[in-house]
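A.B. asks: Take this structure first; my questions come after.
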There are 2 protein chains.
Amino acid sequence: MIKIVCVGKLKERHYSEACGEYLKRLGRHAKIEIVELKEQSDKDVNVAKRKEAFLIAGKLAGMRDYYKVSLDSRGRQLSSEEFSEILKKPNIAFIIGGPDGLAEEVLKQSDFVLSLSKMTLPHQLARVFLLEQIYRGFTIMKNEKYHK
Amino acid sequence: MIKIVCVGKLKERHYSEACGEYLKRLGRHAKIEIVELKEQSDKDVNVAKRKEAFLIAGKLAGMRDYYKVSLDSRGRQLSSEEFSEILKKPNIAFIIGGPDGLAEEVLKQSDFVLSLSKMTLPHQLARVFLLEQIYRGFTIMKNEKYHK
């Protein structure tokens, strides 16, 4: 089972359609679920991120046997081939922050902090990118042709 | 002037809409033009890539005063802030390959080989990613609020 725990909605239709396409393709490879948490607001962005960290911790509390992968640009980069190794784990939770990313404590409580790029990505695009890599990862693992 | 020289079309509507959105936002920052070259085919992928390299060279021949940036996962990664420095150049050509990337000779003839990620990206998503970073780069350069 793969769960994508994310803060905030996909506001742009093109990004939700892109995610929908990869979720459809992934259907035959894995059970996958998107868990959207409400974006929190505060005049201090760190307070908002800490509130979001509480919501995330609440969700993760029931997922003790999951391998937890947080997305952060300061994390470790993997090639698509290396990334596909992670997908061999039986239960994985990917955690994507909102527009301002994840609080430190979420990163600390993760098994792995993954960086998709040195560049700062909008969280909506990060979700598309991650789903594409999960789909690609399964084609690598199963030695299937990638549907371009 | 910024030209995005790319091999192959955007087949997925969500990706062309995402690009359209960033092109619209970029309108007030820069003159930007997408130059699409026809994807070549051959049973040997390297022959196809070499044919594409000829088409690219043909386009670049008329762009001698352009700073040429090719996209390849083996290139150099930059942070969004570092990338925004490139945008200060008066004329820039970004070159994105087709589904199988760019031939060696294109990379060798470039001023800079940029890697967006260690992961392999589909060329359609790379185009969205690049346009988003160009838009982000201008907001960094001009110290404007990023439209999330």
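Every chain in the structure tokens takes a letter, A first, then B, and so on in the order presented; its residues are numbered from 1, and the ligands are numbered from 1 following the presented order.
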Determine, counting only C-alpha atoms, which protein, DNA and RNA residues have an atom within 12 Å of an atom of Met141 (chain B); residues of the same chain fewer than 2 positions away are not included. Present the result as a list of chain:residue names.
C.D. replies: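 My list of contacting residues is B:His29, B:Ser80, B:Glu81, B:Glu82, B:Phe83, B:Ser84, B:Glu85, B:Ile86, B:Leu87, B:Lys88, B:Gln133, B:Ile134, B:Tyr135, B:Arg136, B:Gly137, B:Phe138, B:Thr139, B:Asn143, B:Glu144, B:Lys145, B:Tyr146.
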A.B. asks: Taking only C-alpha atoms into account, report as a ChimeraX atom specification which residues of chain A lie within 10 Å of chain B.
C.D. replies: /A:11-19,21,73,77-83,99-100,115-126,128-129,132-133,136,146-148
A.B. asks: Could you find all residues in chain A that DSSP calls helix (DSSP H, G or I) from the backbone, and write them as a ChimeraX atom specification?
C.D. replies: /A:13-26,45-61,80-86,104-108,123-141
A.B. asks: Between CA of Leu26 (chain A) and CA of Gly101 (chain B), what distance in Å does the model show, to one decimal?
C.D. replies: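 Interatomic distance, CA of Leu26 (chain A) to CA of Gly101 (chain B): 24.1 Å.
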A.B. asks: Which residue is closest to Tyr66 (chain A)? Choose from A:Ile4, A:Ala30, A:Ile140, A:Val45 and count only C-alpha atoms.
C.D. replies: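 Of A:Ile4, A:Ala30, A:Ile140, A:Val45, the one nearest Tyr66 (chain A) is A:Ile4, counting only C-alpha atoms.
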A.B. asks: Record the distance separating CA of Asp72 (chain A) and CA of Asp111 (chain A), expressed in Å with one decimal.
C.D. replies: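 Interatomic distance, CA of Asp72 (chain A) to CA of Asp111 (chain A): 12.9 Å.
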A.B. asks: Neighbours of Ile92 (chain A) within 12 Å (only C-alpha atoms; same-chain residues fewer than 6 positions away dropped), as a PyMOL selection string?
C.D. replies: chain A and resi 1-5+30-33+60+63-70+85-86+110-112+134
A.B. asks: Please write the residues from the selection above to a file, keeping N, CA, C and O atoms, as a JSON list (two decimals), in the first residue's frame.
C.D. replies:
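Generated output (out.json):
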[["chain", "number", "residue", "atom", "x", "y", "z"],
["A", 1, "MET", "N", 0.84, -1.21, 0.00],
["A", 1, "MET", "CA", 0.00, 0.00, 0.00],
["A", 1, "MET", "C", 0.88, 1.26, 0.00],
["A", 1, "MET", "O", 1.82, 1.34, 0.77],
["A", 2, "ILE", "N", 0.54, 2.19, -0.88],
["A", 2, "ILE", "CA", 1.26, 3.46, -0.92],
["A", 2, "ILE", "C", 0.27, 4.58, -0.57],
["A", 2, "ILE", "O", -0.80, 4.66, -1.16],
["A", 3, "LYS", "N", 0.65, 5.38, 0.42],
["A", 3, "LYS", "CA", -0.18, 6.55, 0.72],
["A", 3, "LYS", "C", 0.62, 7.81, 0.46],
["A", 3, "LYS", "O", 1.80, 7.89, 0.80],
["A", 4, "ILE", "N", -0.03, 8.76, -0.18],
["A", 4, "ILE", "CA", 0.60, 10.07, -0.41],
["A", 4, "ILE", "C", -0.11, 11.04, 0.52],
["A", 4, "ILE", "O", -1.27, 11.41, 0.28],
["A", 5, "VAL", "N", 0.57, 11.42, 1.59],
["A", 5, "VAL", "CA", -0.01, 12.36, 2.55],
["A", 5, "VAL", "C", 0.42, 13.75, 2.12],
["A", 5, "VAL", "O", 1.62, 14.06, 2.07],
["A", 30, "ALA", "N", -0.10, -1.01, -8.01],
["A", 30, "ALA", "CA", -0.09, -0.83, -6.55],
["A", 30, "ALA", "C", -1.41, -0.26, -6.07],
["A", 30, "ALA", "O", -2.14, 0.37, -6.83],
["A", 31, "LYS", "N", -1.68, -0.52, -4.80],
["A", 31, "LYS", "CA", -2.79, 0.17, -4.15],
["A", 31, "LYS", "C", -2.25, 1.52, -3.72],
["A", 31, "LYS", "O", -1.23, 1.59, -3.03],
["A", 32, "ILE", "N", -2.91, 2.57, -4.15],
["A", 32, "ILE", "CA", -2.36, 3.89, -3.86],
["A", 32, "ILE", "C", -3.49, 4.82, -3.43],
["A", 32, "ILE", "O", -4.59, 4.75, -3.97],
["A", 33, "GLU", "N", -3.21, 5.61, -2.41],
["A", 33, "GLU", "CA", -4.25, 6.48, -1.87],
["A", 33, "GLU", "C", -3.67, 7.87, -1.59],
["A", 33, "GLU", "O", -2.57, 7.99, -1.05],
["A", 60, "LEU", "N", -0.09, 9.86, 10.55],
["A", 60, "LEU", "CA", 0.97, 8.85, 10.57],
["A", 60, "LEU", "C", 0.88, 7.94, 11.79],
["A", 60, "LEU", "O", 1.40, 6.83, 11.78],
["A", 63, "MET", "N", -0.10, 4.58, 11.11],
["A", 63, "MET", "CA", 0.64, 3.95, 10.01],
["A", 63, "MET", "C", 2.05, 3.56, 10.47],
["A", 63, "MET", "O", 3.04, 3.84, 9.81],
["A", 64, "ARG", "N", 2.09, 2.87, 11.62],
["A", 64, "ARG", "CA", 3.37, 2.55, 12.23],
["A", 64, "ARG", "C", 4.26, 1.63, 11.37],
["A", 64, "ARG", "O", 5.47, 1.69, 11.45],
["A", 65, "ASP", "N", 3.63, 0.77, 10.61],
["A", 65, "ASP", "CA", 4.41, -0.18, 9.80],
["A", 65, "ASP", "C", 4.75, 0.39, 8.42],
["A", 65, "ASP", "O", 5.23, -0.33, 7.56],
["A", 66, "TYR", "N", 4.51, 1.69, 8.22],
["A", 66, "TYR", "CA", 4.83, 2.30, 6.93],
["A", 66, "TYR", "C", 6.25, 2.87, 6.93],
["A", 66, "TYR", "O", 6.70, 3.44, 7.93],
["A", 67, "TYR", "N", 6.91, 2.73, 5.79],
["A", 67, "TYR", "CA", 8.20, 3.37, 5.57],
["A", 67, "TYR", "C", 7.88, 4.80, 5.14],
["A", 67, "TYR", "O", 7.18, 5.02, 4.15],
["A", 68, "LYS", "N", 8.38, 5.77, 5.91],
["A", 68, "LYS", "CA", 7.96, 7.16, 5.72],
["A", 68, "LYS", "C", 9.02, 7.98, 4.96],
["A", 68, "LYS", "O", 10.14, 8.12, 5.41],
["A", 69, "VAL", "N", 8.59, 8.50, 3.83],
["A", 69, "VAL", "CA", 9.49, 9.28, 2.96],
["A", 69, "VAL", "C", 8.96, 10.70, 2.84],
["A", 69, "VAL", "O", 7.88, 10.92, 2.26],
["A", 70, "SER", "N", 9.68, 11.67, 3.40],
["A", 70, "SER", "CA", 9.27, 13.07, 3.28],
["A", 70, "SER", "C", 9.98, 13.73, 2.11],
["A", 70, "SER", "O", 11.13, 13.40, 1.81],
["A", 85, "GLU", "N", 13.92, 1.07, -5.92],
["A", 85, "GLU", "CA", 14.21, 0.11, -4.84],
["A", 85, "GLU", "C", 13.30, 0.36, -3.63],
["A", 85, "GLU", "O", 12.88, -0.59, -2.95],
["A", 86, "ILE", "N", 13.03, 1.63, -3.35],
["A", 86, "ILE", "CA", 12.16, 1.98, -2.21],
["A", 86, "ILE", "C", 10.78, 1.36, -2.40],
["A", 86, "ILE", "O", 10.14, 0.93, -1.44],
["A", 110, "SER", "N", 10.92, 11.06, 9.80],
["A", 110, "SER", "CA", 10.80, 10.26, 8.58],
["A", 110, "SER", "C", 11.93, 9.25, 8.50],
["A", 110, "SER", "O", 12.99, 9.43, 9.11],
["A", 111, "ASP", "N", 11.70, 8.17, 7.76],
["A", 111, "ASP", "CA", 12.77, 7.19, 7.53],
["A", 111, "ASP", "C", 13.73, 7.66, 6.46],
["A", 111, "ASP", "O", 14.90, 7.28, 6.43],
["A", 112, "PHE", "N", 13.21, 8.51, 5.57],
["A", 112, "PHE", "CA", 14.05, 8.99, 4.46],
["A", 112, "PHE", "C", 13.53, 10.36, 4.03],
["A", 112, "PHE", "O", 12.32, 10.57, 3.94],
["A", 134, "ILE", "N", 6.90, 7.26, -9.25],
["A", 134, "ILE", "CA", 6.38, 5.99, -8.72],
["A", 134, "ILE", "C", 5.97, 5.10, -9.88],
["A", 134, "ILE", "O", 6.32, 3.92, -9.94]]
A.B. asks: Name the residues of chain B that come out as strand (DSSP E or B) in a backbone DSSP run; write them as a count of residues only.
C.D. replies: 32
A.B. asks: Show which residues sit within 12 Å of Asn46 (chain A), as a PDB file with C-alpha atoms, in the first residue's frame. Count only C-alpha atoms, and ignore same-chain residues fewer than 6 positions away.
C.D. replies:
ATOM      1  CA  GLN A  40      -3.067  25.819   7.808  1.00  0.00           C
ATOM      2  CA  GLU A  52       0.382  21.113   9.610  1.00  0.00           C
ATOM      3  CA  ALA A  53       3.007  18.894  11.269  1.00  0.00           C
ATOM      4  CA  GLY A  98       2.111  22.695   1.383  1.00  0.00           C
ATOM      5  CA  ASP A 100       5.996  26.444   2.195  1.00  0.00           C
ATOM      6  CA  GLY A 101       7.155  22.885   2.685  1.00  0.00           C
ATOM      7  CA  LEU A 102       7.348  20.671   5.757  1.00  0.00           C
ATOM      8  CA  ALA A 103       8.327  21.530   9.338  1.00  0.00           C
ATOM      9  CA  GLU A 104      11.670  20.198  10.650  1.00  0.00           C
ATOM     10  CA  GLU A 105       9.938  17.741  13.005  1.00  0.00           C
TER      11      GLU A 105
END
A.B. asks: In Å, rounded to a single decimal, give me how far CA of Val7 (chain A) is from CA of Ile56 (chain A).
C.D. replies: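 Separation of CA of Ile56 (chain A) and CA of Val7 (chain A): 8.3 Å.
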